[in-house]
Amino acid sequence: MDLEILNSSKEKLDYEFHGDPSDTSLLVVIGHGVTGNKDRPWALGLANAIEEAGMNALRFSFSGNGESEGKFEDCTISKEVKDLKAIINAAEDEGFHRICYAGHSMGGAVGVLSAVKDERIGLLISLSGMVYTKKFCETEFGDQTPGTGCKWEEEECPPSQEFVDDMNKIDNILAKTEKIEVPWLIVHGDADDVVPVDEGREIYRAAYEPKDLVILEGVDHVYSDDGLEKMTSAVISWLKEYNN
């Protein structure tokens with residue numbers, strides 16, 4: 001793929017394609033979490049592993065993150081759902097009619113809300129996926145005043161009232177699971193100190209079949225050290241099962 005992708009706000013989304021564009025059988029779209037971007041080590045490692053396994057991947061930065069256009073202060077889950085739709089629209093224009101979305105952390109919540117609305121998402125993967133958005137916002141950024149400070153000591157990532165309001169309005173995504181009927185892989189490390197592993201277990205229990213849960217022992221939120229190999233191995237094995 002080599003085309004300009006604009007979201008609904010006409011902001012250019014930065015992305016990188018991995019694989020063979022002539023093979024349009026499946027495209028795995030990879031989305032990141034809060035303050036992340038497409039170049040996070042876990043995202044690059046996953047995309048490379050998917051390509052090495054003979055499948056296609058596309059990792060991208062949500063608007064306002066990384067090299068994508070837009071303001072970070074405007075980043076909300078609701079806006080990122082629209083960003084993902086723009087990516088899928090572009091992929092469809094390129095001939096990809098079977099999409100797997102793999103979302104990490106807040107990007108996992110984006111995936112659940114998107115899969116409910118967009119039936120072009122035929123496979124869903126949640127990596128350390130966020131379930132309780134309001135609780136997450138209160139726990140991680142409750143001591144911050146919207147419009148000042150920064151998220152996780154990253155100066156270019158100030159919290160905003162729009163972000164807080166959106167997280168509070170969504171509250172949690174458990175109720176949406178009843179509308180997801182596509183195969184769903186949930187991967188979570190049991191050493192995750194950002195999104196507790198119990199959230200992965202809870203959304204798995206709430207989800208309908210077909211579903212799979214992989215708990216990675218000793219693995220943190222961003223799949224550091226040997227966590228990356230464990231995560232990519234689980235994802236590739238699952239994708240091969242459904243890439244028929």
# chains A, B, ... in the order shown; residues from 1 in each chain; ligands from 1
>>> residues_around(residues="Lys10 of chain A", least_positions_apart="5", cutoff="12 Å", atoms="only C-alpha atoms", output="PDB file with C-alpha atoms, in the first residue's frame")
ATOM      1  CA  GLU A   4      -2.401   8.904   1.550  1.00  0.00           C
ATOM      2  CA  ILE A   5      -4.894   8.030   4.272  1.00  0.00           C
ATOM      3  CA  SER A  63      -4.258  11.070  14.823  1.00  0.00           C
ATOM      4  CA  SER A  68       0.144  11.395  12.220  1.00  0.00           C
ATOM      5  CA  GLU A  69      -1.454  14.802  11.842  1.00  0.00           C
ATOM      6  CA  GLY A  70      -3.765  16.286  14.456  1.00  0.00           C
ATOM      7  CA  LYS A  82     -13.139   6.979  13.254  1.00  0.00           C
ATOM      8  CA  ASP A  83      -9.399   6.803  12.524  1.00  0.00           C
ATOM      9  CA  ALA A  86     -10.451   5.462   7.698  1.00  0.00           C
TER      10      ALA A  86
END
>>> closest_atom_pairs(of="segment 102-161 of chain A", to="segment 39-46 of chain A", cutoff="10 Å", atoms="only C-alpha atoms", output="tab-separated table")
residue	atom	partner	partner_atom	distance
A:Ala102	CA	A:Ala43	CA	9.6
A:Gly103	CA	A:Ala43	CA	9.6
A:His104	CA	A:Ala43	CA	8.8
>>> write_last_selection(atoms="N, CA and C atoms", output="PDB file, in the first residue's frame")
ATOM      1  N   ALA A 102      -5.809  -5.725  15.500  1.00  0.00           N
ATOM      2  CA  ALA A 102      -5.111  -6.044  16.744  1.00  0.00           C
ATOM      3  C   ALA A 102      -4.837  -4.737  17.481  1.00  0.00           C
ATOM      4  N   GLY A 103      -5.520  -4.517  18.596  1.00  0.00           N
ATOM      5  CA  GLY A 103      -5.381  -3.270  19.331  1.00  0.00           C
ATOM      6  C   GLY A 103      -4.773  -3.478  20.697  1.00  0.00           C
ATOM      7  N   HIS A 104      -3.863  -2.588  21.055  1.00  0.00           N
ATOM      8  CA  HIS A 104      -3.160  -2.677  22.337  1.00  0.00           C
ATOM      9  C   HIS A 104      -3.709  -1.640  23.319  1.00  0.00           C
TER      10      HIS A 104
END
>>> closest_residue(among="A:Val182, A:Val194, A:Ile170, A:Leu239", to="Gly129 of chain A", atoms="only C-alpha atoms")
A:Val194
>>> closest_residue(among="A:Glu138, A:Asp226, A:Glu156, A:Asp2", to="Ala90 of chain A", atoms="only C-alpha atoms")
A:Asp2
>>> select_by_dssp(residues="segment 68-211 of chain A", states="alpha helix (DSSP H)", output="MDAnalysis selection string")
chainID A and resid 77:93 106:117 133:141 161:170 197:206
>>> residues_around(residues="Ser78 of chain A", least_positions_apart="6", cutoff="10 Å", atoms="only C-alpha atoms", output="VMD selection string")
chain A and resid 109 to 110 113 to 114 163 166 to 167 170
>>> residues_around(residues="segment 209-218 of chain A", least_positions_apart="3", cutoff="10 Å", atoms="only C-alpha atoms", output="PDB file with N, CA and C atoms, in the first residue's frame")
ATOM      1  N   LEU A 124     -10.655 -10.307  15.523  1.00  0.00           N
ATOM      2  CA  LEU A 124     -10.338  -9.280  16.511  1.00  0.00           C
ATOM      3  C   LEU A 124      -9.312  -9.816  17.504  1.00  0.00           C
ATOM      4  N   ILE A 125      -8.298  -8.987  17.781  1.00  0.00           N
ATOM      5  CA  ILE A 125      -7.276  -9.334  18.771  1.00  0.00           C
ATOM      6  C   ILE A 125      -7.156  -8.182  19.765  1.00  0.00           C
ATOM      7  N   SER A 126      -7.246  -8.500  21.053  1.00  0.00           N
ATOM      8  CA  SER A 126      -7.043  -7.517  22.111  1.00  0.00           C
ATOM      9  C   SER A 126      -5.745  -7.842  22.830  1.00  0.00           C
ATOM     10  N   LEU A 127      -4.804  -6.906  22.817  1.00  0.00           N
ATOM     11  CA  LEU A 127      -3.509  -7.080  23.475  1.00  0.00           C
ATOM     12  C   LEU A 127      -3.467  -6.168  24.698  1.00  0.00           C
ATOM     13  N   SER A 128      -3.501  -6.759  25.876  1.00  0.00           N
ATOM     14  CA  SER A 128      -3.551  -5.955  27.111  1.00  0.00           C
ATOM     15  C   SER A 128      -4.681  -4.945  27.020  1.00  0.00           C
ATOM     16  N   GLU A 178     -21.491  -8.587  23.726  1.00  0.00           N
ATOM     17  CA  GLU A 178     -22.587  -9.427  23.249  1.00  0.00           C
ATOM     18  C   GLU A 178     -22.884  -9.217  21.773  1.00  0.00           C
ATOM     19  N   ILE A 180     -20.392  -8.841  19.489  1.00  0.00           N
ATOM     20  CA  ILE A 180     -19.235  -9.277  18.701  1.00  0.00           C
ATOM     21  C   ILE A 180     -19.364 -10.772  18.417  1.00  0.00           C
ATOM     22  N   GLU A 181     -19.428 -11.113  17.151  1.00  0.00           N
ATOM     23  CA  GLU A 181     -19.643 -12.501  16.755  1.00  0.00           C
ATOM     24  C   GLU A 181     -18.474 -13.072  15.970  1.00  0.00           C
ATOM     25  N   VAL A 182     -17.404 -12.283  15.805  1.00  0.00           N
ATOM     26  CA  VAL A 182     -16.243 -12.764  15.050  1.00  0.00           C
ATOM     27  C   VAL A 182     -15.249 -13.433  15.998  1.00  0.00           C
ATOM     28  N   PRO A 183     -14.363 -14.291  15.478  1.00  0.00           N
ATOM     29  CA  PRO A 183     -13.321 -14.892  16.319  1.00  0.00           C
ATOM     30  C   PRO A 183     -12.503 -13.813  17.018  1.00  0.00           C
ATOM     31  N   TRP A 184     -12.241 -14.045  18.311  1.00  0.00           N
ATOM     32  CA  TRP A 184     -11.628 -13.008  19.148  1.00  0.00           C
ATOM     33  C   TRP A 184     -10.541 -13.630  20.011  1.00  0.00           C
ATOM     34  N   LEU A 185      -9.333 -13.089  19.884  1.00  0.00           N
ATOM     35  CA  LEU A 185      -8.206 -13.516  20.709  1.00  0.00           C
ATOM     36  C   LEU A 185      -7.893 -12.431  21.730  1.00  0.00           C
ATOM     37  N   ILE A 186      -7.830 -12.826  22.991  1.00  0.00           N
ATOM     38  CA  ILE A 186      -7.506 -11.908  24.085  1.00  0.00           C
ATOM     39  C   ILE A 186      -6.182 -12.357  24.690  1.00  0.00           C
ATOM     40  N   VAL A 187      -5.179 -11.477  24.629  1.00  0.00           N
ATOM     41  CA  VAL A 187      -3.842 -11.770  25.146  1.00  0.00           C
ATOM     42  C   VAL A 187      -3.520 -10.777  26.260  1.00  0.00           C
ATOM     43  N   HIS A 188      -3.034 -11.281  27.380  1.00  0.00           N
ATOM     44  CA  HIS A 188      -2.744 -10.395  28.505  1.00  0.00           C
ATOM     45  C   HIS A 188      -1.596 -10.972  29.324  1.00  0.00           C
ATOM     46  N   GLY A 189      -0.689 -10.112  29.763  1.00  0.00           N
ATOM     47  CA  GLY A 189       0.382 -10.534  30.645  1.00  0.00           C
ATOM     48  C   GLY A 189      -0.059 -10.456  32.091  1.00  0.00           C
ATOM     49  N   ASP A 190       0.345 -11.438  32.908  1.00  0.00           N
ATOM     50  CA  ASP A 190      -0.094 -11.419  34.298  1.00  0.00           C
ATOM     51  C   ASP A 190       0.751 -10.487  35.170  1.00  0.00           C
ATOM     52  N   ALA A 191       1.752  -9.810  34.566  1.00  0.00           N
ATOM     53  CA  ALA A 191       2.546  -8.813  35.288  1.00  0.00           C
ATOM     54  C   ALA A 191       2.225  -7.405  34.798  1.00  0.00           C
ATOM     55  N   ASP A 192       1.064  -7.247  34.180  1.00  0.00           N
ATOM     56  CA  ASP A 192       0.633  -5.951  33.648  1.00  0.00           C
ATOM     57  C   ASP A 192       0.226  -5.039  34.809  1.00  0.00           C
ATOM     58  N   VAL A 197      -4.536  -7.851  34.615  1.00  0.00           N
ATOM     59  CA  VAL A 197      -4.860  -9.067  33.879  1.00  0.00           C
ATOM     60  C   VAL A 197      -6.291  -9.525  34.146  1.00  0.00           C
ATOM     61  N   GLY A 200      -8.615  -8.704  31.401  1.00  0.00           N
ATOM     62  CA  GLY A 200      -8.584  -9.635  30.280  1.00  0.00           C
ATOM     63  C   GLY A 200      -9.432 -10.853  30.557  1.00  0.00           C
ATOM     64  N   ARG A 201      -9.329 -11.369  31.764  1.00  0.00           N
ATOM     65  CA  ARG A 201     -10.129 -12.547  32.129  1.00  0.00           C
ATOM     66  C   ARG A 201     -11.621 -12.214  32.143  1.00  0.00           C
ATOM     67  N   ILE A 203     -13.304  -9.822  30.442  1.00  0.00           N
ATOM     68  CA  ILE A 203     -13.916  -9.627  29.127  1.00  0.00           C
ATOM     69  C   ILE A 203     -13.984 -10.949  28.362  1.00  0.00           C
ATOM     70  N   TYR A 204     -13.061 -11.848  28.647  1.00  0.00           N
ATOM     71  CA  TYR A 204     -13.125 -13.171  28.031  1.00  0.00           C
ATOM     72  C   TYR A 204     -14.384 -13.905  28.489  1.00  0.00           C
ATOM     73  N   ARG A 205     -14.672 -13.833  29.781  1.00  0.00           N
ATOM     74  CA  ARG A 205     -15.875 -14.502  30.297  1.00  0.00           C
ATOM     75  C   ARG A 205     -17.139 -13.898  29.696  1.00  0.00           C
ATOM     76  N   ALA A 206     -17.111 -12.589  29.434  1.00  0.00           N
ATOM     77  CA  ALA A 206     -18.293 -11.911  28.896  1.00  0.00           C
ATOM     78  C   ALA A 206     -18.477 -12.145  27.403  1.00  0.00           C
ATOM     79  N   TYR A 223       4.955  -5.846  26.697  1.00  0.00           N
ATOM     80  CA  TYR A 223       5.606  -7.041  26.148  1.00  0.00           C
ATOM     81  C   TYR A 223       7.114  -6.860  26.001  1.00  0.00           C
ATOM     82  N   ASP A 226      11.330 -10.973  26.997  1.00  0.00           N
ATOM     83  CA  ASP A 226      10.839 -12.143  26.260  1.00  0.00           C
ATOM     84  C   ASP A 226       9.329 -12.112  26.062  1.00  0.00           C
ATOM     85  N   GLY A 227       8.677 -11.054  26.591  1.00  0.00           N
ATOM     86  CA  GLY A 227       7.236 -10.939  26.415  1.00  0.00           C
ATOM     87  C   GLY A 227       6.838 -10.762  24.966  1.00  0.00           C
ATOM     88  N   LYS A 230       6.714 -14.153  23.276  1.00  0.00           N
ATOM     89  CA  LYS A 230       5.560 -14.904  23.759  1.00  0.00           C
ATOM     90  C   LYS A 230       4.273 -14.388  23.116  1.00  0.00           C
ATOM     91  N   MET A 231       4.151 -13.065  23.049  1.00  0.00           N
ATOM     92  CA  MET A 231       2.945 -12.477  22.474  1.00  0.00           C
ATOM     93  C   MET A 231       2.836 -12.770  20.989  1.00  0.00           C
ATOM     94  N   ALA A 234       1.850 -16.352  20.237  1.00  0.00           N
ATOM     95  CA  ALA A 234       0.428 -16.617  20.468  1.00  0.00           C
ATOM     96  C   ALA A 234      -0.431 -16.058  19.344  1.00  0.00           C
ATOM     97  N   VAL A 235      -0.108 -14.858  18.897  1.00  0.00           N
ATOM     98  CA  VAL A 235      -0.892 -14.214  17.838  1.00  0.00           C
ATOM     99  C   VAL A 235      -0.732 -14.945  16.511  1.00  0.00           C
ATOM    100  N   TRP A 238      -2.594 -18.251  16.415  1.00  0.00           N
ATOM    101  CA  TRP A 238      -4.042 -18.037  16.300  1.00  0.00           C
ATOM    102  C   TRP A 238      -4.417 -17.580  14.893  1.00  0.00           C
TER     103      TRP A 238
END
>>> closest_residue(among="A:Thr35, A:Thr76, A:Thr133, A:Thr177", to="Pro158 of chain A", atoms="only C-alpha atoms")
A:Thr35
>>> closest_residue(among="A:Leu174, A:Cys137, A:Val131, A:Lys169", to="Asp198 of chain A", atoms="only C-alpha atoms")
A:Val131
>>> residues_around(residues="Asp193 of chain A", least_positions_apart="3", cutoff="8 Å", atoms="only C-alpha atoms", output="ChimeraX atom specification")
/A:196,220-221
>>> closest_residue(among="A:Ala49, A:Ser8, A:Val81, A:Lys38", to="Val116 of chain A", atoms="only C-alpha atoms")
A:Val81
>>> select_by_dssp(residues="segment 75-196 of chain A", states="strand (DSSP E)", output="PyMOL selection string")
chain A and resi 99-104+121-127+184-189
>>> write_last_selection(atoms="N, CA and C atoms", output="PDB file, in the first residue's frame")
ATOM      1  N   ILE A  99     -10.318  -8.174   7.210  1.00  0.00           N
ATOM      2  CA  ILE A  99      -9.485  -7.391   8.117  1.00  0.00           C
ATOM      3  C   ILE A  99      -9.450  -8.044   9.497  1.00  0.00           C
ATOM      4  N   CYS A 100      -8.263  -8.135  10.048  1.00  0.00           N
ATOM      5  CA  CYS A 100      -8.084  -8.470  11.458  1.00  0.00           C
ATOM      6  C   CYS A 100      -7.555  -7.217  12.126  1.00  0.00           C
ATOM      7  N   TYR A 101      -8.191  -6.804  13.207  1.00  0.00           N
ATOM      8  CA  TYR A 101      -7.668  -5.653  13.942  1.00  0.00           C
ATOM      9  C   TYR A 101      -7.060  -6.134  15.252  1.00  0.00           C
ATOM     10  N   ALA A 102      -5.809  -5.725  15.500  1.00  0.00           N
ATOM     11  CA  ALA A 102      -5.111  -6.044  16.744  1.00  0.00           C
ATOM     12  C   ALA A 102      -4.837  -4.737  17.481  1.00  0.00           C
ATOM     13  N   GLY A 103      -5.520  -4.517  18.596  1.00  0.00           N
ATOM     14  CA  GLY A 103      -5.381  -3.270  19.331  1.00  0.00           C
ATOM     15  C   GLY A 103      -4.773  -3.478  20.697  1.00  0.00           C
ATOM     16  N   HIS A 104      -3.863  -2.588  21.055  1.00  0.00           N
ATOM     17  CA  HIS A 104      -3.160  -2.677  22.337  1.00  0.00           C
ATOM     18  C   HIS A 104      -3.709  -1.640  23.319  1.00  0.00           C
ATOM     19  N   ILE A 121     -14.459  -5.989   9.928  1.00  0.00           N
ATOM     20  CA  ILE A 121     -13.488  -6.574  10.861  1.00  0.00           C
ATOM     21  C   ILE A 121     -13.910  -8.016  11.104  1.00  0.00           C
ATOM     22  N   GLY A 122     -13.197  -8.933  10.460  1.00  0.00           N
ATOM     23  CA  GLY A 122     -13.576 -10.342  10.529  1.00  0.00           C
ATOM     24  C   GLY A 122     -12.881 -11.110  11.622  1.00  0.00           C
ATOM     25  N   LEU A 123     -11.798 -10.544  12.165  1.00  0.00           N
ATOM     26  CA  LEU A 123     -11.063 -11.146  13.271  1.00  0.00           C
ATOM     27  C   LEU A 123     -10.668 -10.020  14.218  1.00  0.00           C
ATOM     28  N   LEU A 124     -10.655 -10.307  15.523  1.00  0.00           N
ATOM     29  CA  LEU A 124     -10.338  -9.280  16.511  1.00  0.00           C
ATOM     30  C   LEU A 124      -9.312  -9.816  17.504  1.00  0.00           C
ATOM     31  N   ILE A 125      -8.298  -8.987  17.781  1.00  0.00           N
ATOM     32  CA  ILE A 125      -7.276  -9.334  18.771  1.00  0.00           C
ATOM     33  C   ILE A 125      -7.156  -8.182  19.765  1.00  0.00           C
ATOM     34  N   SER A 126      -7.246  -8.500  21.053  1.00  0.00           N
ATOM     35  CA  SER A 126      -7.043  -7.517  22.111  1.00  0.00           C
ATOM     36  C   SER A 126      -5.745  -7.842  22.830  1.00  0.00           C
ATOM     37  N   LEU A 127      -4.804  -6.906  22.817  1.00  0.00           N
ATOM     38  CA  LEU A 127      -3.509  -7.080  23.475  1.00  0.00           C
ATOM     39  C   LEU A 127      -3.467  -6.168  24.698  1.00  0.00           C
ATOM     40  N   TRP A 184     -12.241 -14.045  18.311  1.00  0.00           N
ATOM     41  CA  TRP A 184     -11.628 -13.008  19.148  1.00  0.00           C
ATOM     42  C   TRP A 184     -10.541 -13.630  20.011  1.00  0.00           C
ATOM     43  N   LEU A 185      -9.333 -13.089  19.884  1.00  0.00           N
ATOM     44  CA  LEU A 185      -8.206 -13.516  20.709  1.00  0.00           C
ATOM     45  C   LEU A 185      -7.893 -12.431  21.730  1.00  0.00           C
ATOM     46  N   ILE A 186      -7.830 -12.826  22.991  1.00  0.00           N
ATOM     47  CA  ILE A 186      -7.506 -11.908  24.085  1.00  0.00           C
ATOM     48  C   ILE A 186      -6.182 -12.357  24.690  1.00  0.00           C
ATOM     49  N   VAL A 187      -5.179 -11.477  24.629  1.00  0.00           N
ATOM     50  CA  VAL A 187      -3.842 -11.770  25.146  1.00  0.00           C
ATOM     51  C   VAL A 187      -3.520 -10.777  26.260  1.00  0.00           C
ATOM     52  N   HIS A 188      -3.034 -11.281  27.380  1.00  0.00           N
ATOM     53  CA  HIS A 188      -2.744 -10.395  28.505  1.00  0.00           C
ATOM     54  C   HIS A 188      -1.596 -10.972  29.324  1.00  0.00           C
ATOM     55  N   GLY A 189      -0.689 -10.112  29.763  1.00  0.00           N
ATOM     56  CA  GLY A 189       0.382 -10.534  30.645  1.00  0.00           C
ATOM     57  C   GLY A 189      -0.059 -10.456  32.091  1.00  0.00           C
TER      58      GLY A 189
END
